[in-house]
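Q: Got a file for you: data06.cif, mmCIF, C-alpha atoms.
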data_upload
#
loop_
_atom_site.label_atom_id
_atom_site.label_comp_id
_atom_site.auth_asym_id
_atom_site.auth_seq_id
_atom_site.Cartn_x
_atom_site.Cartn_y
_atom_site.Cartn_z
CA MET Y 1 1.50 41.78 -29.46
CA SER Y 2 -0.93 41.14 -26.66
CA GLY Y 3 0.43 39.90 -23.33
CA LEU Y 4 3.32 37.55 -22.72
CA GLN Y 5 1.64 34.69 -24.63
CA PRO Y 6 0.57 35.54 -28.19
CA LYS Y 7 -3.07 34.66 -28.88
CA VAL Y 8 -3.68 32.43 -31.91
CA LEU Y 9 -7.16 31.91 -33.32
CA VAL Y 10 -7.41 28.37 -34.76
CA ILE Y 11 -10.30 28.06 -37.25
CA GLU Y 12 -10.51 24.35 -37.97
CA ASP Y 13 -13.58 22.08 -38.18
CA ASP Y 14 -11.76 18.73 -37.81
CA PRO Y 15 -11.73 18.02 -34.04
CA GLN Y 16 -8.57 15.89 -34.21
CA VAL Y 17 -6.60 18.50 -36.14
CA ARG Y 18 -7.95 21.27 -33.90
CA LYS Y 19 -6.89 19.31 -30.80
CA PHE Y 20 -3.44 18.64 -32.27
CA LEU Y 21 -2.93 22.31 -33.12
CA THR Y 22 -4.13 23.35 -29.66
CA ILE Y 23 -1.70 21.00 -27.91
CA THR Y 24 1.17 22.01 -30.21
CA LEU Y 25 0.61 25.75 -29.86
CA THR Y 26 0.06 25.56 -26.11
CA SER Y 27 3.32 23.64 -25.69
CA HIS Y 28 5.06 26.51 -27.53
CA ASP Y 29 3.59 29.11 -25.14
CA TYR Y 30 0.75 30.35 -27.31
CA THR Y 31 -2.77 30.98 -26.05
CA VAL Y 32 -5.26 29.19 -28.33
CA ILE Y 33 -8.75 30.41 -29.21
CA PRO Y 34 -10.51 27.56 -31.10
CA ALA Y 35 -13.31 27.95 -33.65
CA GLU Y 36 -15.16 25.22 -35.54
CA THR Y 37 -16.77 27.33 -38.28
CA GLY Y 38 -15.89 30.29 -40.44
CA ARG Y 39 -18.56 32.57 -38.97
CA GLU Y 40 -17.48 31.70 -35.43
CA GLY Y 41 -13.90 32.47 -36.43
CA ILE Y 42 -14.87 35.87 -37.83
CA ARG Y 43 -16.80 36.68 -34.65
CA LEU Y 44 -13.86 35.69 -32.42
CA ALA Y 45 -11.38 37.57 -34.60
CA THR Y 46 -13.48 40.69 -34.09
CA SER Y 47 -14.08 40.28 -30.35
CA VAL Y 48 -10.82 38.71 -29.15
CA LYS Y 49 -8.47 40.37 -31.68
CA PRO Y 50 -5.84 37.59 -31.71
CA ASP Y 51 -2.22 38.11 -32.68
CA ALA Y 52 -2.49 35.58 -35.53
CA VAL Y 53 -4.96 33.24 -37.22
CA LEU Y 54 -4.45 29.63 -38.35
CA LEU Y 55 -7.16 28.97 -40.91
CA ASP Y 56 -8.44 25.87 -42.67
CA LEU Y 57 -10.15 26.59 -46.00
CA GLY Y 58 -12.60 23.67 -46.01
CA LEU Y 59 -15.05 24.85 -43.37
CA PRO Y 60 -18.64 23.55 -42.93
CA ASP Y 61 -20.47 26.87 -43.27
CA ILE Y 62 -18.43 29.21 -45.48
CA ASP Y 63 -15.22 28.83 -47.44
CA GLY Y 64 -12.06 29.87 -45.66
CA THR Y 65 -11.33 32.44 -48.36
CA GLU Y 66 -14.40 34.36 -47.18
CA VAL Y 67 -12.90 34.43 -43.70
CA ILE Y 68 -9.67 35.92 -45.09
CA GLY Y 69 -11.59 38.62 -46.95
CA SER Y 70 -13.71 39.47 -43.92
CA ILE Y 71 -10.74 39.81 -41.54
CA ARG Y 72 -8.70 41.75 -44.09
CA SER Y 73 -11.48 44.33 -44.41
CA TRP Y 74 -10.56 45.68 -40.97
CA SER Y 75 -7.33 44.06 -39.72
CA LYS Y 76 -3.76 43.32 -40.78
CA MET Y 77 -3.31 40.47 -38.26
CA PRO Y 78 -1.23 37.60 -39.73
CA ILE Y 79 -3.33 34.87 -41.36
CA LEU Y 80 -1.71 31.49 -42.00
CA VAL Y 81 -3.71 29.10 -44.13
CA VAL Y 82 -3.34 25.45 -43.11
CA SER Y 83 -5.13 23.42 -45.78
CA VAL Y 84 -5.15 20.16 -47.69
CA ARG Y 85 -5.66 22.14 -50.89
CA ASP Y 86 -2.32 22.17 -52.67
CA GLN Y 87 -3.23 23.58 -56.10
CA GLU Y 88 -1.31 26.70 -57.09
CA GLU Y 89 -4.51 28.59 -57.98
CA GLU Y 90 -5.88 27.99 -54.48
CA LYS Y 91 -2.72 29.40 -52.95
CA VAL Y 92 -2.70 32.42 -55.27
CA LYS Y 93 -6.35 33.17 -54.42
CA ALA Y 94 -5.63 33.00 -50.68
CA PHE Y 95 -2.62 35.30 -51.01
CA ASP Y 96 -4.50 37.74 -53.24
CA LEU Y 97 -7.19 38.00 -50.56
CA GLY Y 98 -4.58 38.77 -47.89
CA ALA Y 99 -3.19 35.55 -46.40
CA ASN Y 100 0.34 35.90 -45.05
CA ASP Y 101 1.42 32.30 -45.54
CA TYR Y 102 0.15 28.92 -46.71
CA VAL Y 103 1.02 25.53 -45.22
CA THR Y 104 -0.23 22.37 -46.92
CA LYS Y 105 -1.50 19.42 -44.88
CA PRO Y 106 0.09 17.18 -43.79
CA PHE Y 107 2.70 19.51 -42.35
CA GLY Y 108 5.69 19.30 -40.02
CA THR Y 109 5.27 20.85 -36.59
CA ALA Y 110 8.67 22.57 -36.75
CA GLU Y 111 7.84 24.16 -40.11
CA LEU Y 112 4.45 25.40 -38.92
CA MET Y 113 5.91 26.93 -35.76
CA ALA Y 114 8.70 28.59 -37.75
CA ARG Y 115 6.23 30.11 -40.20
CA LEU Y 116 4.02 31.33 -37.36
CA ARG Y 117 6.97 32.93 -35.58
CA ALA Y 118 8.07 34.59 -38.82
CA SER Y 119 4.61 36.02 -39.47
CA LEU Y 120 4.37 37.41 -35.95
CA ARG Y 121 7.90 38.81 -36.11
CA ASP Y 122 7.85 40.27 -39.60
CA SER Y 123 4.34 41.65 -39.76
CA ILE Y 124 5.63 45.23 -40.00
CA VAL Y 125 3.24 47.80 -41.39
CA ALA Y 126 4.03 51.50 -41.71
CA SER Y 127 1.47 53.79 -40.12
CA ALA Y 128 0.87 57.50 -40.50
CA GLU Y 129 2.86 58.13 -37.30
CA ASP Y 130 5.73 55.76 -38.15
CA THR Y 131 7.10 55.90 -41.69
CA ARG Y 132 10.33 54.07 -40.89
CA VAL Y 133 10.43 50.35 -41.67
CA GLU Y 134 13.32 48.15 -40.56
CA VAL Y 135 13.77 44.59 -41.82
CA GLY Y 136 16.99 43.13 -40.48
CA ASP Y 137 19.82 45.44 -41.64
CA LEU Y 138 17.57 47.10 -44.21
CA CYS Y 139 16.07 50.48 -43.24
CA ILE Y 140 13.46 52.26 -45.37
CA ASP Y 141 12.30 55.80 -44.62
CA LEU Y 142 9.02 55.90 -46.54
CA ALA Y 143 8.47 59.63 -46.09
CA ALA Y 144 11.98 60.76 -47.05
CA HIS Y 145 12.40 58.13 -49.78
CA LYS Y 146 15.69 57.01 -48.25
CA VAL Y 147 17.03 53.45 -48.07
CA SER Y 148 20.09 52.08 -46.31
CA VAL Y 149 21.63 48.69 -45.61
CA ARG Y 150 23.90 48.42 -42.56
CA ASP Y 151 23.79 52.26 -42.43
CA ASN Y 152 25.10 52.49 -46.01
CA PRO Y 153 22.82 54.65 -48.24
CA ILE Y 154 21.37 52.88 -51.27
CA LYS Y 155 20.33 54.89 -54.33
CA LEU Y 156 17.13 53.62 -55.97
CA SER Y 157 15.21 54.77 -59.01
CA PRO Y 158 11.64 56.01 -58.42
CA LYS Y 159 10.19 52.74 -59.73
CA GLU Y 160 12.58 50.63 -57.64
CA PHE Y 161 11.60 52.58 -54.54
CA ALA Y 162 7.90 52.24 -55.36
CA LEU Y 163 8.28 48.45 -55.57
CA LEU Y 164 10.32 48.28 -52.36
CA LYS Y 165 7.77 50.48 -50.59
CA VAL Y 166 4.93 48.06 -51.37
CA LEU Y 167 7.02 45.13 -50.14
CA ALA Y 168 8.13 47.05 -47.03
CA THR Y 169 4.63 48.13 -45.97
CA HIS Y 170 3.64 44.46 -46.08
CA ALA Y 171 6.92 43.06 -44.71
CA GLY Y 172 6.73 39.38 -43.87
CA LYS Y 173 3.68 38.88 -46.09
CA LEU Y 174 3.78 37.09 -49.44
CA LEU Y 175 2.48 39.40 -52.18
CA THR Y 176 1.37 37.91 -55.48
CA HIS Y 177 2.81 38.95 -58.84
CA LYS Y 178 -0.54 40.45 -59.83
CA TYR Y 179 -0.86 42.48 -56.63
CA LEU Y 180 2.65 43.95 -57.02
CA MET Y 181 2.10 44.73 -60.70
CA GLN Y 182 -1.21 46.50 -59.94
CA LYS Y 183 0.30 48.56 -57.12
CA VAL Y 184 3.44 49.64 -58.99
CA TRP Y 185 2.51 49.58 -62.69
CA GLY Y 186 -1.30 49.78 -62.60
CA ASP Y 187 -4.13 47.55 -63.76
CA ALA Y 188 -3.13 47.72 -67.42
CA GLN Y 189 0.13 45.87 -66.69
CA ALA Y 190 -1.23 43.57 -63.97
CA ASP Y 191 -0.74 40.35 -65.96
CA ASP Y 192 2.72 41.13 -67.37
CA ASN Y 193 5.38 39.93 -64.93
CA GLN Y 194 8.38 40.82 -67.09
CA TYR Y 195 8.86 44.27 -65.54
CA LEU Y 196 8.48 42.81 -62.06
CA ARG Y 197 11.23 40.22 -62.57
CA ILE Y 198 13.58 42.88 -63.93
CA TYR Y 199 13.03 45.29 -61.04
CA ILE Y 200 13.22 42.55 -58.39
CA ALA Y 201 16.61 41.57 -59.85
CA GLN Y 202 17.76 45.20 -59.77
CA LEU Y 203 16.67 45.63 -56.15
CA ARG Y 204 18.50 42.46 -55.14
CA GLN Y 205 21.69 43.68 -56.81
CA LYS Y 206 21.52 46.93 -54.84
CA LEU Y 207 20.33 45.65 -51.46
CA GLU Y 208 22.13 42.33 -51.08
CA ILE Y 209 25.84 41.63 -50.84
CA ASP Y 210 25.36 38.23 -52.44
CA PRO Y 211 21.94 38.07 -54.18
CA ALA Y 212 22.37 34.32 -54.65
CA ARG Y 213 22.42 33.71 -50.89
CA ASP Y 214 20.70 35.45 -47.95
CA GLN Y 215 18.00 37.53 -49.58
CA PHE Y 216 15.76 40.29 -48.26
CA ILE Y 217 13.41 39.62 -51.19
CA VAL Y 218 12.30 36.01 -51.11
CA ASN Y 219 10.73 34.37 -54.17
CA GLU Y 220 7.84 31.94 -53.91
CA PRO Y 221 7.91 30.37 -57.42
CA GLY Y 222 4.70 30.84 -59.35
CA ILE Y 223 3.12 33.01 -56.63
CA GLY Y 224 5.06 36.14 -55.69
CA TYR Y 225 7.60 37.76 -53.36
CA ARG Y 226 7.96 38.70 -49.70
CA LEU Y 227 10.34 41.04 -47.90
CA GLU Y 228 11.94 39.55 -44.80
CA ALA Y 229 15.19 39.60 -42.86
CA PRO Y 230 17.72 37.07 -44.21
CA SER Y 231 18.28 34.11 -41.92
CA LYS Y 232 21.50 34.29 -39.94
CA THR Y 233 24.07 31.63 -40.72
CA THR Y 234 26.85 30.53 -38.42
#
Could you write out this structure as structure tokens?
A:
Amino acid sequence: MSGLQPKVLVIEDDPQVRKFLTITLTSHDYTVIPAETGREGIRLATSVKPDAVLLDLGLPDIDGTEVIGSIRSWSKMPILVVSVRDQEEEKVKAFDLGANDYVTKPFGTAELMARLRASLRDSIVASAEDTRVEVGDLCIDLAAHKVSVRDNPIKLSPKEFALLKVLATHAGKLLTHKYLMQKVWGDAQADDNQYLRIYIAQLRQKLEIDPARDQFIVNEPGIGYRLEAPSKTT
């Protein structure tokens, strides 16, 4: 993350919303880079390389989904969609293109800040030099095919590990059912979620002490799953 204050690119054409987001983010110690159009946002994302992007979909020049696709072609920076569009198909499309999260307008400031913090914190991607992914107490060695929780080894089947690997290399990001099916089972099974539900349930049984409570694998009904550290309860 760049500097002491994370840089957030806000791509929003409504001046009132843009001003509100700027004031809110600045008060939470973020540096804001504003953009009024999609093309301006793409240019700034390339030149400034922010730590995260807040993106409206209804832009005056190009649709926000084009912005997601453009940024995802070269960067894994977190992209949070902030849009009035609340249809499930719109959300699925945004996630399929690479959005990390989706907040529907109107939104609560506390929720938006929490989602932004989570995306910045949990945007863990394995690189060629680092094949070890840690999400809370869960540790995945991608090269050695080893998994442990609280230093206790967990035995997974090849298919279970393959599914966990996809989730782990995109930790903190919501992955759609179709994306997971394509990556683990191939294009022929992309529209059949039955296997996915079964293997997600099996992973939860092995990774989580109480699968009904704090979960590493979080379900977004109708959309997909994300891997993240369970919230701590007191």
Q: Measuring between all atoms listed in the file, which one of Y:Arg39, Y:Arg72, Y:Lys49, Y:Lys165 shows the shortest distance to Arg226 (chain Y)?
A: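 Among Y:Arg39, Y:Arg72, Y:Lys49, Y:Lys165, it is Y:Lys165 that comes nearest to Arg226 (chain Y).
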Q: Take the PyMOL selection byres ((chain Y and resi 25) around 10), run it mentally on this structure, and tell me the resulting residues as a ChimeraX atom specification.
A: /Y:6-8,10,19-24,26-32,109,112-113,116
Q: In Å, with one decimal, what is the gap from CA of Tyr102 (chain Y) to CA of Gly222 (chain Y)?
A: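 Computing the Euclidean distance for CA of Tyr102 (chain Y) and CA of Gly222 (chain Y) yields 13.6 Å.
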Q: What residues come out when you apply the PyMOL selection byres ((chain Y and resi 76-78) around 9) to this file, written as a list in words?
A: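 So the PyMOL selection byres ((chain Y and resi 76-78) around 9), applied here, picks out Lys49, Pro50, Asp51, Ala52, Val53, Leu54, Ile71, Arg72, Ser73, Trp74, Ser75, Ile79, Leu80, Gly98, Ala99, Asn100, Asp101, Leu116, Ser119, Leu120, Ser123, Val125 and Lys173 of chain Y.
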Q: I'd like to know which of Y:Leu175, Y:Asp137, Y:Ala143, Y:Lys183 is closest to Gln215 (chain Y), using all atoms listed in the file.
A: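 With all atoms listed in the file as the atom set, the closest residue is Y:Asp137.
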Q: What do you get, as a ChimeraX atom specification, if you spell out every residue that the PyMOL selection byres ((chain Y and resi 103) around 10) selects here?
A: /Y:54-56,80-86,91,101-102,104-108,111-112,115
Q: Hey, can you check how far CA of Arg117 (chain Y) sits from CA of Gly224 (chain Y)?
A: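 A separation of 20.5 Å between them.
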Q: When you look at Val166 (chain Y) with a cut-off of 12 Å (counting only C-alpha atoms), what residues show up, excluding the ones that are within fewer than 6 positions of it in the same chain? I need them as JSON, numbers by chain.
A: {"Y": [124, 125, 126, 133, 140, 142, 159, 160, 172, 173, 174, 175, 176, 177, 179, 180, 181, 182, 183, 184, 185, 217, 225, 226, 227]}
Q: Take the residues from that selection and put them in a file with C-alpha atoms, as a CSV table (one decimal), in the frame of the given file.
A:
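Below you can see again_18.csv, which holds the result:
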chain,number,residue,atom,x,y,z
Y,124,ILE,CA,5.6,45.2,-40.0
Y,125,VAL,CA,3.2,47.8,-41.4
Y,126,ALA,CA,4.0,51.5,-41.7
Y,133,VAL,CA,10.4,50.4,-41.7
Y,140,ILE,CA,13.5,52.3,-45.4
Y,142,LEU,CA,9.0,55.9,-46.5
Y,159,LYS,CA,10.2,52.7,-59.7
Y,160,GLU,CA,12.6,50.6,-57.6
Y,172,GLY,CA,6.7,39.4,-43.9
Y,173,LYS,CA,3.7,38.9,-46.1
Y,174,LEU,CA,3.8,37.1,-49.4
Y,175,LEU,CA,2.5,39.4,-52.2
Y,176,THR,CA,1.4,37.9,-55.5
Y,177,HIS,CA,2.8,39.0,-58.8
Y,179,TYR,CA,-0.9,42.5,-56.6
Y,180,LEU,CA,2.6,44.0,-57.0
Y,181,MET,CA,2.1,44.7,-60.7
Y,182,GLN,CA,-1.2,46.5,-59.9
Y,183,LYS,CA,0.3,48.6,-57.1
Y,184,VAL,CA,3.4,49.6,-59.0
Y,185,TRP,CA,2.5,49.6,-62.7
Y,217,ILE,CA,13.4,39.6,-51.2
Y,225,TYR,CA,7.6,37.8,-53.4
Y,226,ARG,CA,8.0,38.7,-49.7
Y,227,LEU,CA,10.3,41.0,-47.9
Q: Between CA of Val135 (chain Y) and CA of Ala162 (chain Y), what is the spacing in Å?
A: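 About the pair CA of Ala162 (chain Y) and CA of Val135 (chain Y): they are 16.6 Å apart.
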Q: I'd like a table as a Markdown table: residues in region 145-170 of chain Y with an atom no more than 9 Å from region 196-212 of chain Y, each row giving the shortest atom pair and its distance in Å to one decimal, all atoms listed in the file counted, sorted by chain and rising residue number.
A:
| residue | atom | partner | partner_atom | distance |
| --- | --- | --- | --- | --- |
| Y:Ser148 | CA | Y:Leu207 | CA | 8.2 |
| Y:Val149 | CA | Y:Leu207 | CA | 6.7 |
| Y:Ile154 | CA | Y:Lys206 | CA | 6.9 |
| Y:Lys155 | CA | Y:Lys206 | CA | 8.1 |
| Y:Leu156 | CA | Y:Leu203 | CA | 8.0 |
| Y:Lys159 | CA | Y:Tyr199 | CA | 8.1 |
| Y:Glu160 | CA | Y:Tyr199 | CA | 6.3 |
| Y:Phe161 | CA | Y:Leu203 | CA | 8.8 |
| Y:Leu163 | CA | Y:Tyr199 | CA | 7.9 |
| Y:Leu164 | CA | Y:Leu203 | CA | 7.9 |
Q: Using all atoms listed in the file, which residues sit within 12 Å of Ser47 (chain Y) once same-chain residues fewer than 3 positions away are excluded, as a PDB file with C-alpha atoms, in the frame of the given file?
A:
ATOM      1  CA  LEU Y   9      -7.160  31.910 -33.320  1.00  0.00           C
ATOM      2  CA  ILE Y  33      -8.750  30.410 -29.210  1.00  0.00           C
ATOM      3  CA  GLU Y  40     -17.480  31.700 -35.430  1.00  0.00           C
ATOM      4  CA  GLY Y  41     -13.900  32.470 -36.430  1.00  0.00           C
ATOM      5  CA  ILE Y  42     -14.870  35.870 -37.830  1.00  0.00           C
ATOM      6  CA  ARG Y  43     -16.800  36.680 -34.650  1.00  0.00           C
ATOM      7  CA  LEU Y  44     -13.860  35.690 -32.420  1.00  0.00           C
ATOM      8  CA  PRO Y  50      -5.840  37.590 -31.710  1.00  0.00           C
ATOM      9  CA  ILE Y  71     -10.740  39.810 -41.540  1.00  0.00           C
TER      10      ILE Y  71
END
Q: Need the axis-aligned box for region 91-104 of chain Y with 8 Å each side, so what are the centre and edges in Å to one decimal, as JSON?
A:
{"center_x": -2.9, "center_y": 30.6, "center_z": -50.2, "size_x": 24.6, "size_y": 32.4, "size_z": 26.2}
Q: Determine, counting only C-alpha atoms, which protein, DNA and RNA residues have an atom within 9 Å of an atom of Glu66 (chain Y); residues of the same chain fewer than 3 positions away are not included. Present the result as JSON, numbers by chain.
A: {"Y": [38, 57, 62, 63, 69, 70, 71, 97]}
Q: In terms of the shortest atom-to-atom distance over all atoms listed in the file, which of Y:Gly186, Y:Pro230, Y:Gly58, Y:Pro158 is closest to Gly136 (chain Y)?
A: Y:Pro230
Q: Using only C-alpha atoms, pick whichever of Y:Ile11, Y:Val48, Y:Ala94, Y:Ala118 has the shortest atom-to-atom distance to Ala35 (chain Y).
A: Y:Ile11
